[in-house]
Amino acid sequence: MAESPETTSAALTLLERARHHVRTRSRSAAYYQAADRFSEVFLGKTFQVEPDYYRAVGTDYSAIDWLYEELGQGAALTRQALDAVTERLQEMTRPGPARAALEPLQAALHAPACSLLDVCRALLGAITVLGQDALGARGVPAALVQDWLALWSERVWRQNSQQARLTLLIQVMRASPEDRPGRLAALGEEQDALSARGTRFEQGVHEYLERYAETGASSVALVGGLPFARALTPRDMEKLLGVLREGSDFLGGVARLLRFAQDVRFDPSEPLNSGVMGYAAEHRQRLTDIDASRLPREELDTRLRRVWADDSARIRREFDTVVASLGDEPLRPLLEGFVQSVWAVATRLVEAGHDPRPGL
């Protein structure tokens, strides 16, 4: 379908309709107010992303987390069923299917109790269409638009595939002894995820972040916000996409930092997090043998903070190296400002712990 003002308008209307569902069917208004403040710091402040867009990619995308949580609380899942959901979401990162779905999704979202999957598909599809149109309207070369679309699709896939794996794993951990064999079968070849590879606390923490950091959705938020970043010229966009695609693993560093920031204060209500994986590694226990609510919370808080002190300093040095590599490029002060914003968000998350636990 060709780009047109009508298509852009339809996508923006769909984004607003999806936001209504997200914010009236899940969590409190206070949660979303706090989360929007984080999203403004993360995307709005440095890159000048307008509220409609940083609220969408930075806050409303928590609905995807909600979707997988809801799936995990139902009947026993199969890997095939979760893969089908993940692919339905992934389809909306491709311009053709996303544009074709605008009208059907608009009709579906008029129902007050429409499916959460349709809400999430609407969020993803709207940003795919609006992002492509916004870049085209700013005169960004077609090849660069395709680069953004490819990176956008890849980061959404990382987030959702990790969400799917985590959902299956938590189902096994929560299962009763009589139900556990069936849930284990659903894990298939990934049953080794029930045991940490390392034998030290910090190794377990790092393993958790390696496997599940993208579930924090910070990479998706950053990449999804780029087409709407008024502070970026087409040249800046080209350089930034290069940075995000290259071997510096800048996006991975952002994801690990912000995911870990939420875990530094141990949350015993979560079946699996950085602290649980660290404990499992050190004590050489399978995750199915651990009840997070019975773990020593104060001790884990102390140990997590020690790992955080080392890891956050290392990641900051890696960020600074990437910024310095830009030399005299106009992008350099913008990326430097973004790193400072990421640091501000991480600091606030560490301070907040898991009480409000606002998303990005």
# chains A, B, ... in the order shown; residues from 1 in each chain; ligands from 1
>>> residues_around(residues="Phe250 (chain A)", least_positions_apart="6", cutoff="10 Å", atoms="only C-alpha atoms", output="JSON, numbers by chain")
{"A": [219, 243, 244, 315, 318, 319, 322]}
>>> write_last_selection(atoms="N, CA and C atoms", output="mmCIF file, in the first residue's frame")
data_model
loop_
_atom_site.group_PDB
_atom_site.id
_atom_site.type_symbol
_atom_site.label_atom_id
_atom_site.label_comp_id
_atom_site.auth_asym_id
_atom_site.auth_seq_id
_atom_site.Cartn_x
_atom_site.Cartn_y
_atom_site.Cartn_z
ATOM 1 N N SER A 219 15.416 -1.537 24.371
ATOM 2 C CA SER A 219 15.893 -1.492 22.987
ATOM 3 C C SER A 219 14.759 -1.165 22.031
ATOM 4 N N VAL A 243 25.838 3.035 14.595
ATOM 5 C CA VAL A 243 26.279 2.726 15.958
ATOM 6 C C VAL A 243 25.456 1.582 16.545
ATOM 7 N N LEU A 244 24.155 1.627 16.344
ATOM 8 C CA LEU A 244 23.271 0.631 16.952
ATOM 9 C C LEU A 244 23.382 -0.731 16.288
ATOM 10 N N ILE A 315 29.645 -0.811 32.118
ATOM 11 C CA ILE A 315 28.780 -0.436 31.001
ATOM 12 C C ILE A 315 28.930 1.050 30.687
ATOM 13 N N GLU A 318 31.876 1.497 28.580
ATOM 14 C CA GLU A 318 31.597 1.058 27.208
ATOM 15 C C GLU A 318 30.805 2.122 26.447
ATOM 16 N N PHE A 319 29.820 2.733 27.103
ATOM 17 C CA PHE A 319 29.052 3.810 26.470
ATOM 18 C C PHE A 319 29.982 4.974 26.099
ATOM 19 N N VAL A 322 31.960 4.353 22.991
ATOM 20 C CA VAL A 322 31.158 4.508 21.766
ATOM 21 C C VAL A 322 30.972 5.982 21.444
#
>>> residues_around(residues="Thr288 (chain A)", least_positions_apart="3", cutoff="12 Å", atoms="only C-alpha atoms", output="compact mmCIF listing (two decimals) with N, CA and C atoms, in the first residue's frame")
# COMPACT_ATOMS: atom_id res chain seq x y z
N LEU A 169 9.28 -20.91 30.99
CA LEU A 169 10.11 -21.28 32.12
C LEU A 169 9.38 -21.04 33.45
N ILE A 170 8.71 -19.91 33.56
CA ILE A 170 7.99 -19.59 34.79
C ILE A 170 6.80 -20.52 34.97
N GLN A 171 6.16 -20.94 33.87
CA GLN A 171 5.09 -21.92 34.00
C GLN A 171 5.59 -23.21 34.64
N VAL A 172 6.77 -23.65 34.25
CA VAL A 172 7.35 -24.85 34.84
C VAL A 172 7.63 -24.63 36.32
N MET A 173 8.19 -23.48 36.65
CA MET A 173 8.55 -23.19 38.04
C MET A 173 7.32 -23.11 38.94
N ARG A 174 6.20 -22.64 38.39
CA ARG A 174 4.98 -22.49 39.19
C ARG A 174 4.12 -23.75 39.22
N ALA A 175 4.43 -24.72 38.39
CA ALA A 175 3.57 -25.90 38.25
C ALA A 175 3.60 -26.77 39.50
N SER A 176 2.49 -27.42 39.76
CA SER A 176 2.41 -28.38 40.86
C SER A 176 3.23 -29.62 40.47
N PRO A 177 3.63 -30.43 41.44
CA PRO A 177 4.43 -31.62 41.11
C PRO A 177 3.78 -32.53 40.07
N ARG A 180 4.02 -30.75 36.56
CA ARG A 180 5.34 -30.32 36.09
C ARG A 180 5.87 -31.13 34.91
N PRO A 181 5.69 -32.45 34.86
CA PRO A 181 6.23 -33.19 33.70
C PRO A 181 5.70 -32.68 32.36
N ARG A 183 4.60 -29.63 31.74
CA ARG A 183 5.16 -28.31 31.49
C ARG A 183 6.62 -28.41 31.04
N LEU A 184 7.34 -29.36 31.62
CA LEU A 184 8.73 -29.57 31.21
C LEU A 184 8.82 -29.98 29.74
N GLN A 191 15.22 -27.11 28.25
CA GLN A 191 15.17 -27.50 29.65
C GLN A 191 16.46 -27.17 30.39
N ASP A 192 17.55 -26.99 29.65
CA ASP A 192 18.81 -26.62 30.32
C ASP A 192 18.73 -25.22 30.91
N ALA A 193 17.72 -24.43 30.51
CA ALA A 193 17.54 -23.10 31.09
C ALA A 193 17.14 -23.16 32.55
N LEU A 194 16.74 -24.34 33.03
CA LEU A 194 16.38 -24.49 34.44
C LEU A 194 17.60 -24.56 35.35
N SER A 195 18.78 -24.65 34.78
CA SER A 195 20.01 -24.70 35.56
C SER A 195 20.96 -23.62 35.07
N ALA A 196 21.57 -22.90 36.00
CA ALA A 196 22.56 -21.90 35.63
C ALA A 196 23.84 -22.58 35.17
N PRO A 271 8.95 -15.06 40.46
CA PRO A 271 9.55 -16.40 40.48
C PRO A 271 10.98 -16.42 39.98
N LEU A 272 11.29 -15.53 39.02
CA LEU A 272 12.62 -15.55 38.42
C LEU A 272 13.07 -14.13 38.13
N VAL A 276 17.37 -14.42 41.83
CA VAL A 276 17.05 -15.85 41.86
C VAL A 276 18.08 -16.64 41.05
N MET A 277 18.43 -16.13 39.87
CA MET A 277 19.39 -16.84 39.04
C MET A 277 20.77 -16.84 39.69
N ALA A 280 20.64 -19.45 42.39
CA ALA A 280 20.64 -20.79 41.81
C ALA A 280 22.03 -21.20 41.36
N ARG A 284 23.98 -24.10 43.19
CA ARG A 284 23.88 -25.21 42.23
C ARG A 284 22.53 -25.92 42.34
N GLN A 285 21.49 -25.08 42.36
CA GLN A 285 20.13 -25.60 42.42
C GLN A 285 19.41 -25.34 41.10
N ASP A 291 12.12 -21.35 45.75
CA ASP A 291 10.95 -20.52 46.03
C ASP A 291 11.46 -19.13 46.38
N ALA A 292 11.28 -18.18 45.47
CA ALA A 292 11.85 -16.84 45.66
C ALA A 292 11.39 -16.19 46.96
>>> residues_around(residues="Ala186 (chain A)", least_positions_apart="2", cutoff="8 Å", atoms="only C-alpha atoms", output="number ranges by chain")
A: 77-79, 168, 182-184, 188
>>> residues_around(residues="region 81-90 of chain A", least_positions_apart="5", cutoff="12 Å", atoms="only C-alpha atoms", output="MDAnalysis selection string")
chainID A and resid 61 63:65 67:72 75:76 95 97:98 101 116:126 128 149:150 152:168 186:187
>>> atom_distance(atom1="CA of Arg294 (chain A)", atom2="CA of Asn273 (chain A)")
14.0 Å
>>> atom_distance(atom1="CA of Ala229 (chain A)", atom2="CA of Val345 (chain A)")
18.6 Å
>>> atom_distance(atom1="CA of Thr321 (chain A)", atom2="CA of Asp263 (chain A)")
25.8 Å
>>> select_by_dssp(residues="region 2-193 of chain A", states="helix (DSSP H, G or I)", output="PyMOL selection string")
chain A and resi 5-25+29-47+51-60+62-72+79-93+95-108+116-137+142-174+180-193
>>> write_last_selection(atoms="C-alpha atoms", output="compact mmCIF listing (two decimals), in the first residue's frame")
# COMPACT_ATOMS: atom_id res chain seq x y z
CA PRO A 5 -1.71 11.23 4.67
CA GLU A 6 -4.83 9.10 5.11
CA THR A 7 -2.78 6.04 6.05
CA THR A 8 -0.69 8.07 8.49
CA SER A 9 -3.85 9.49 10.08
CA ALA A 10 -5.39 6.01 10.36
CA ALA A 11 -2.24 4.69 12.05
CA LEU A 12 -2.19 7.56 14.55
CA THR A 13 -5.88 6.99 15.35
CA LEU A 14 -5.14 3.29 15.89
CA LEU A 15 -2.26 4.16 18.21
CA GLU A 16 -4.58 6.34 20.30
CA ARG A 17 -7.24 3.62 20.43
CA ALA A 18 -4.67 1.04 21.55
CA ARG A 19 -3.44 3.44 24.25
CA HIS A 20 -6.97 3.73 25.59
CA HIS A 21 -7.21 -0.04 25.99
CA VAL A 22 -3.78 -0.34 27.60
CA ARG A 23 -4.41 2.40 30.13
CA THR A 24 -7.94 1.48 31.11
CA ARG A 25 -7.54 -2.29 31.33
CA ALA A 29 -3.24 5.76 36.40
CA ALA A 30 -0.40 6.53 38.82
CA TYR A 31 1.69 3.76 37.26
CA TYR A 32 1.31 5.23 33.79
CA GLN A 33 2.04 8.76 34.98
CA ALA A 34 5.30 7.58 36.52
CA ALA A 35 6.17 5.48 33.49
CA ASP A 36 5.52 8.40 31.14
CA ARG A 37 7.94 10.54 33.14
CA PHE A 38 10.62 7.88 32.66
CA SER A 39 9.82 7.67 28.94
CA GLU A 40 10.12 11.43 28.59
CA VAL A 41 13.59 11.37 30.15
CA PHE A 42 14.60 8.34 28.09
CA LEU A 43 13.41 9.58 24.68
CA GLY A 44 11.75 12.97 24.82
CA LYS A 45 14.47 14.96 26.54
CA THR A 46 17.48 14.30 24.30
CA PHE A 47 16.01 13.28 20.97
CA PRO A 51 4.67 12.65 23.75
CA ASP A 52 2.39 10.62 21.48
CA TYR A 53 5.38 8.56 20.40
CA TYR A 54 7.46 8.25 23.57
CA ARG A 55 4.32 7.26 25.46
CA ALA A 56 3.64 4.59 22.86
CA VAL A 57 7.05 2.95 22.54
CA GLY A 58 8.25 3.80 26.03
CA THR A 59 5.17 3.09 28.14
CA ASP A 60 2.27 1.52 26.25
CA SER A 62 4.27 -2.71 28.60
CA ALA A 63 1.09 -4.29 27.18
CA ILE A 64 3.31 -6.87 25.47
CA ASP A 65 4.69 -7.92 28.85
CA TRP A 66 1.10 -8.04 30.11
CA LEU A 67 0.11 -10.22 27.13
CA TYR A 68 2.76 -12.86 27.85
CA GLU A 69 1.99 -12.77 31.58
CA GLU A 70 -1.67 -13.38 30.81
CA LEU A 71 -0.82 -16.28 28.54
CA GLY A 72 1.37 -17.77 31.26
CA ARG A 79 5.95 -23.84 22.56
CA GLN A 80 4.04 -23.89 19.28
CA ALA A 81 1.21 -21.79 20.74
CA LEU A 82 3.62 -19.19 22.10
CA ASP A 83 5.57 -19.12 18.86
CA ALA A 84 2.34 -18.45 17.00
CA VAL A 85 1.61 -15.44 19.23
CA THR A 86 5.15 -14.15 18.79
CA GLU A 87 4.89 -14.43 15.02
CA ARG A 88 1.54 -12.61 15.00
CA LEU A 89 3.27 -9.74 16.77
CA GLN A 90 6.33 -9.91 14.54
CA GLU A 91 4.15 -9.66 11.44
CA MET A 92 3.30 -6.10 12.48
CA THR A 93 6.93 -4.99 12.10
CA PRO A 95 5.17 -2.55 6.46
CA GLY A 96 2.93 -4.50 4.06
CA PRO A 97 1.08 -6.57 6.68
CA ALA A 98 1.03 -3.62 9.10
CA ARG A 99 -0.66 -1.33 6.58
CA ALA A 100 -3.11 -4.02 5.55
CA ALA A 101 -4.04 -4.58 9.20
CA LEU A 102 -4.84 -0.95 10.06
CA GLU A 103 -8.52 -1.09 9.14
CA PRO A 104 -9.29 -4.54 10.61
CA LEU A 105 -7.50 -3.66 13.84
CA GLN A 106 -9.34 -0.35 14.07
CA ALA A 107 -12.63 -2.26 13.87
CA ALA A 108 -11.46 -4.86 16.40
CA LEU A 116 -5.03 -8.15 24.16
CA LEU A 117 -3.17 -9.66 21.22
CA ASP A 118 -4.99 -7.28 18.87
CA VAL A 119 -4.10 -4.33 21.13
CA CYS A 120 -0.41 -5.28 20.99
CA ARG A 121 -0.54 -5.86 17.25
CA ALA A 122 -2.11 -2.41 16.86
CA LEU A 123 0.69 -0.78 18.88
CA LEU A 124 3.41 -2.43 16.82
CA GLY A 125 1.71 -1.98 13.46
CA ALA A 126 0.96 1.68 14.06
CA ILE A 127 4.59 2.49 14.91
CA THR A 128 5.82 0.53 11.88
CA VAL A 129 3.58 2.57 9.56
CA LEU A 130 4.08 5.91 11.31
CA GLY A 131 7.83 5.39 11.56
CA GLN A 132 8.21 4.57 7.88
CA ASP A 133 6.03 7.55 6.90
CA ALA A 134 7.82 9.95 9.27
CA LEU A 135 11.25 9.04 7.91
CA GLY A 136 10.04 9.36 4.32
CA ALA A 137 8.47 12.77 5.02
CA ALA A 142 14.87 4.79 1.18
CA ALA A 143 17.85 2.55 1.97
CA LEU A 144 18.15 4.14 5.41
CA VAL A 145 14.41 3.68 6.02
CA GLN A 146 14.90 -0.01 5.26
CA ASP A 147 17.80 -0.09 7.72
CA TRP A 148 15.54 1.29 10.43
CA LEU A 149 12.78 -1.19 9.60
CA ALA A 150 15.25 -4.09 9.79
CA LEU A 151 16.60 -2.95 13.17
CA TRP A 152 13.08 -2.32 14.47
CA SER A 153 11.97 -5.81 13.46
CA GLU A 154 15.07 -7.41 14.96
CA ARG A 155 14.72 -5.70 18.36
CA VAL A 156 11.00 -6.52 18.59
CA TRP A 157 11.87 -10.14 17.83
CA ARG A 158 14.50 -10.18 20.58
CA GLN A 159 12.06 -8.81 23.11
CA ASN A 160 9.16 -11.10 22.27
CA SER A 161 11.15 -14.29 21.81
CA GLN A 162 12.73 -13.72 25.24
CA GLN A 163 9.28 -13.04 26.70
CA ALA A 164 8.05 -16.33 25.26
CA ARG A 165 10.96 -18.33 26.68
CA LEU A 166 10.57 -16.70 30.08
CA THR A 167 6.83 -17.41 30.11
CA LEU A 168 7.38 -21.12 29.51
CA LEU A 169 10.11 -21.28 32.12
CA ILE A 170 7.99 -19.59 34.79
CA GLN A 171 5.09 -21.92 34.00
CA VAL A 172 7.35 -24.85 34.84
CA MET A 173 8.55 -23.19 38.04
CA ARG A 174 4.98 -22.49 39.19
CA ARG A 180 5.34 -30.32 36.09
CA PRO A 181 6.23 -33.19 33.70
CA GLY A 182 3.84 -31.83 31.07
CA ARG A 183 5.16 -28.31 31.49
CA LEU A 184 8.73 -29.57 31.21
CA ALA A 185 7.87 -31.22 27.92
CA ALA A 186 6.79 -27.85 26.58
CA LEU A 187 10.30 -26.49 27.19
CA GLY A 188 11.73 -29.07 24.80
CA GLU A 189 15.40 -28.46 24.13
CA GLU A 190 15.43 -25.46 26.45
CA GLN A 191 15.17 -27.50 29.65
CA ASP A 192 18.81 -26.62 30.32
CA ALA A 193 17.54 -23.10 31.09
>>> closest_residue(among="A:Arg259, A:Arg265, A:Arg316, A:His283", to="Tyr212 (chain A)", atoms="only C-alpha atoms")
A:Arg259
>>> residues_around(residues="Leu335 (chain A)", least_positions_apart="3", cutoff="9 Å", atoms="only C-alpha atoms", output="mmCIF file with C-alpha atoms, in the first residue's frame")
data_model
loop_
_atom_site.group_PDB
_atom_site.id
_atom_site.type_symbol
_atom_site.label_atom_id
_atom_site.label_comp_id
_atom_site.auth_asym_id
_atom_site.auth_seq_id
_atom_site.Cartn_x
_atom_site.Cartn_y
_atom_site.Cartn_z
ATOM 1 C CA THR A 46 17.482 14.301 24.303
ATOM 2 C CA PHE A 47 16.014 13.279 20.973
ATOM 3 C CA LEU A 240 23.187 6.475 14.900
ATOM 4 C CA VAL A 323 30.480 8.233 22.225
ATOM 5 C CA LEU A 331 25.650 13.246 16.671
ATOM 6 C CA ARG A 332 28.221 13.026 19.459
ATOM 7 C CA PHE A 338 21.205 10.197 25.727
ATOM 8 C CA VAL A 339 23.763 8.276 27.811
ATOM 9 C CA GLN A 340 23.211 10.786 30.608
#
>>> decode(residues="region 92-119 of chain A", atoms="N, CA, C and O atoms", output="PDB file, in the first residue's frame")
ATOM      1  N   MET A  92       3.618  -7.524  12.475  1.00  0.00           N
ATOM      2  CA  MET A  92       3.302  -6.097  12.479  1.00  0.00           C
ATOM      3  C   MET A  92       4.534  -5.212  12.392  1.00  0.00           C
ATOM      4  O   MET A  92       4.421  -3.990  12.381  1.00  0.00           O
ATOM      5  N   THR A  93       5.724  -5.787  12.338  1.00  0.00           N
ATOM      6  CA  THR A  93       6.927  -4.991  12.096  1.00  0.00           C
ATOM      7  C   THR A  93       7.266  -4.928  10.611  1.00  0.00           C
ATOM      8  O   THR A  93       8.244  -4.298  10.239  1.00  0.00           O
ATOM      9  N   ARG A  94       6.448  -5.564   9.789  1.00  0.00           N
ATOM     10  CA  ARG A  94       6.656  -5.543   8.340  1.00  0.00           C
ATOM     11  C   ARG A  94       5.628  -4.594   7.717  1.00  0.00           C
ATOM     12  O   ARG A  94       4.416  -4.743   7.957  1.00  0.00           O
ATOM     13  N   PRO A  95       6.078  -3.606   6.939  1.00  0.00           N
ATOM     14  CA  PRO A  95       5.171  -2.553   6.456  1.00  0.00           C
ATOM     15  C   PRO A  95       3.940  -3.054   5.724  1.00  0.00           C
ATOM     16  O   PRO A  95       2.834  -2.546   5.962  1.00  0.00           O
ATOM     17  N   GLY A  96       4.093  -4.028   4.819  1.00  0.00           N
ATOM     18  CA  GLY A  96       2.934  -4.505   4.063  1.00  0.00           C
ATOM     19  C   GLY A  96       1.829  -5.043   4.950  1.00  0.00           C
ATOM     20  O   GLY A  96       0.686  -4.550   4.915  1.00  0.00           O
ATOM     21  N   PRO A  97       2.108  -6.058   5.775  1.00  0.00           N
ATOM     22  CA  PRO A  97       1.078  -6.573   6.678  1.00  0.00           C
ATOM     23  C   PRO A  97       0.573  -5.527   7.669  1.00  0.00           C
ATOM     24  O   PRO A  97      -0.620  -5.515   8.011  1.00  0.00           O
ATOM     25  N   ALA A  98       1.461  -4.634   8.133  1.00  0.00           N
ATOM     26  CA  ALA A  98       1.032  -3.617   9.096  1.00  0.00           C
ATOM     27  C   ALA A  98       0.014  -2.671   8.469  1.00  0.00           C
ATOM     28  O   ALA A  98      -1.022  -2.346   9.078  1.00  0.00           O
ATOM     29  N   ARG A  99       0.278  -2.229   7.250  1.00  0.00           N
ATOM     30  CA  ARG A  99      -0.664  -1.327   6.581  1.00  0.00           C
ATOM     31  C   ARG A  99      -1.989  -2.034   6.275  1.00  0.00           C
ATOM     32  O   ARG A  99      -3.062  -1.444   6.430  1.00  0.00           O
ATOM     33  N   ALA A 100      -1.891  -3.281   5.866  1.00  0.00           N
ATOM     34  CA  ALA A 100      -3.114  -4.024   5.554  1.00  0.00           C
ATOM     35  C   ALA A 100      -3.963  -4.265   6.797  1.00  0.00           C
ATOM     36  O   ALA A 100      -5.185  -4.422   6.702  1.00  0.00           O
ATOM     37  N   ALA A 101      -3.317  -4.283   7.964  1.00  0.00           N
ATOM     38  CA  ALA A 101      -4.043  -4.585   9.201  1.00  0.00           C
ATOM     39  C   ALA A 101      -4.660  -3.357   9.858  1.00  0.00           C
ATOM     40  O   ALA A 101      -5.439  -3.498  10.811  1.00  0.00           O
ATOM     41  N   LEU A 102      -4.352  -2.156   9.388  1.00  0.00           N
ATOM     42  CA  LEU A 102      -4.839  -0.952  10.059  1.00  0.00           C
ATOM     43  C   LEU A 102      -6.360  -0.935  10.196  1.00  0.00           C
ATOM     44  O   LEU A 102      -6.902  -0.708  11.286  1.00  0.00           O
ATOM     45  N   GLU A 103      -7.053  -1.166   9.099  1.00  0.00           N
ATOM     46  CA  GLU A 103      -8.522  -1.089   9.136  1.00  0.00           C
ATOM     47  C   GLU A 103      -9.136  -2.223   9.962  1.00  0.00           C
ATOM     48  O   GLU A 103      -9.991  -1.956  10.826  1.00  0.00           O
ATOM     49  N   PRO A 104      -8.722  -3.478   9.767  1.00  0.00           N
ATOM     50  CA  PRO A 104      -9.288  -4.538  10.607  1.00  0.00           C
ATOM     51  C   PRO A 104      -9.011  -4.341  12.098  1.00  0.00           C
ATOM     52  O   PRO A 104      -9.880  -4.617  12.939  1.00  0.00           O
ATOM     53  N   LEU A 105      -7.813  -3.868  12.428  1.00  0.00           N
ATOM     54  CA  LEU A 105      -7.497  -3.655  13.841  1.00  0.00           C
ATOM     55  C   LEU A 105      -8.309  -2.488  14.413  1.00  0.00           C
ATOM     56  O   LEU A 105      -8.729  -2.532  15.569  1.00  0.00           O
ATOM     57  N   GLN A 106      -8.509  -1.470  13.610  1.00  0.00           N
ATOM     58  CA  GLN A 106      -9.336  -0.350  14.073  1.00  0.00           C
ATOM     59  C   GLN A 106     -10.733  -0.840  14.430  1.00  0.00           C
ATOM     60  O   GLN A 106     -11.300  -0.467  15.469  1.00  0.00           O
ATOM     61  N   ALA A 107     -11.300  -1.699  13.581  1.00  0.00           N
ATOM     62  CA  ALA A 107     -12.626  -2.256  13.869  1.00  0.00           C
ATOM     63  C   ALA A 107     -12.587  -3.135  15.112  1.00  0.00           C
ATOM     64  O   ALA A 107     -13.477  -3.058  15.968  1.00  0.00           O
ATOM     65  N   ALA A 108     -11.560  -3.962  15.245  1.00  0.00           N
ATOM     66  CA  ALA A 108     -11.457  -4.860  16.396  1.00  0.00           C
ATOM     67  C   ALA A 108     -11.339  -4.089  17.699  1.00  0.00           C
ATOM     68  O   ALA A 108     -11.943  -4.459  18.726  1.00  0.00           O
ATOM     69  N   LEU A 109     -10.594  -2.988  17.690  1.00  0.00           N
ATOM     70  CA  LEU A 109     -10.345  -2.245  18.932  1.00  0.00           C
ATOM     71  C   LEU A 109     -11.528  -1.375  19.350  1.00  0.00           C
ATOM     72  O   LEU A 109     -11.498  -0.777  20.433  1.00  0.00           O
ATOM     73  N   HIS A 110     -12.561  -1.314  18.531  1.00  0.00           N
ATOM     74  CA  HIS A 110     -13.775  -0.603  18.962  1.00  0.00           C
ATOM     75  C   HIS A 110     -14.527  -1.401  20.025  1.00  0.00           C
ATOM     76  O   HIS A 110     -15.324  -0.840  20.774  1.00  0.00           O
ATOM     77  N   ALA A 111     -14.295  -2.702  20.090  1.00  0.00           N
ATOM     78  CA  ALA A 111     -14.951  -3.524  21.113  1.00  0.00           C
ATOM     79  C   ALA A 111     -14.243  -3.314  22.443  1.00  0.00           C
ATOM     80  O   ALA A 111     -13.018  -3.436  22.535  1.00  0.00           O
ATOM     81  N   PRO A 112     -14.998  -2.992  23.515  1.00  0.00           N
ATOM     82  CA  PRO A 112     -14.366  -2.728  24.820  1.00  0.00           C
ATOM     83  C   PRO A 112     -13.513  -3.888  25.330  1.00  0.00           C
ATOM     84  O   PRO A 112     -12.532  -3.666  26.023  1.00  0.00           O
ATOM     85  N   ALA A 113     -13.889  -5.128  24.993  1.00  0.00           N
ATOM     86  CA  ALA A 113     -13.159  -6.288  25.492  1.00  0.00           C
ATOM     87  C   ALA A 113     -12.400  -6.991  24.369  1.00  0.00           C
ATOM     88  O   ALA A 113     -12.312  -8.215  24.347  1.00  0.00           O
ATOM     89  N   CYS A 114     -11.859  -6.215  23.438  1.00  0.00           N
ATOM     90  CA  CYS A 114     -11.114  -6.831  22.343  1.00  0.00           C
ATOM     91  C   CYS A 114      -9.902  -7.574  22.887  1.00  0.00           C
ATOM     92  O   CYS A 114      -9.466  -7.355  24.019  1.00  0.00           O
ATOM     93  N   SER A 115      -9.356  -8.469  22.071  1.00  0.00           N
ATOM     94  CA  SER A 115      -8.257  -9.298  22.565  1.00  0.00           C
ATOM     95  C   SER A 115      -7.007  -8.456  22.813  1.00  0.00           C
ATOM     96  O   SER A 115      -6.730  -7.494  22.097  1.00  0.00           O
ATOM     97  N   LEU A 116      -6.274  -8.844  23.849  1.00  0.00           N
ATOM     98  CA  LEU A 116      -5.032  -8.151  24.163  1.00  0.00           C
ATOM     99  C   LEU A 116      -4.013  -8.328  23.034  1.00  0.00           C
ATOM    100  O   LEU A 116      -3.209  -7.433  22.766  1.00  0.00           O
ATOM    101  N   LEU A 117      -4.062  -9.454  22.353  1.00  0.00           N
ATOM    102  CA  LEU A 117      -3.169  -9.662  21.219  1.00  0.00           C
ATOM    103  C   LEU A 117      -3.417  -8.611  20.145  1.00  0.00           C
ATOM    104  O   LEU A 117      -2.475  -8.059  19.563  1.00  0.00           O
ATOM    105  N   ASP A 118      -4.691  -8.300  19.874  1.00  0.00           N
ATOM    106  CA  ASP A 118      -4.993  -7.277  18.874  1.00  0.00           C
ATOM    107  C   ASP A 118      -4.499  -5.903  19.330  1.00  0.00           C
ATOM    108  O   ASP A 118      -4.036  -5.096  18.513  1.00  0.00           O
ATOM    109  N   VAL A 119      -4.600  -5.609  20.613  1.00  0.00           N
ATOM    110  CA  VAL A 119      -4.099  -4.330  21.131  1.00  0.00           C
ATOM    111  C   VAL A 119      -2.594  -4.224  20.882  1.00  0.00           C
ATOM    112  O   VAL A 119      -2.097  -3.200  20.411  1.00  0.00           O
TER     113      VAL A 119
END
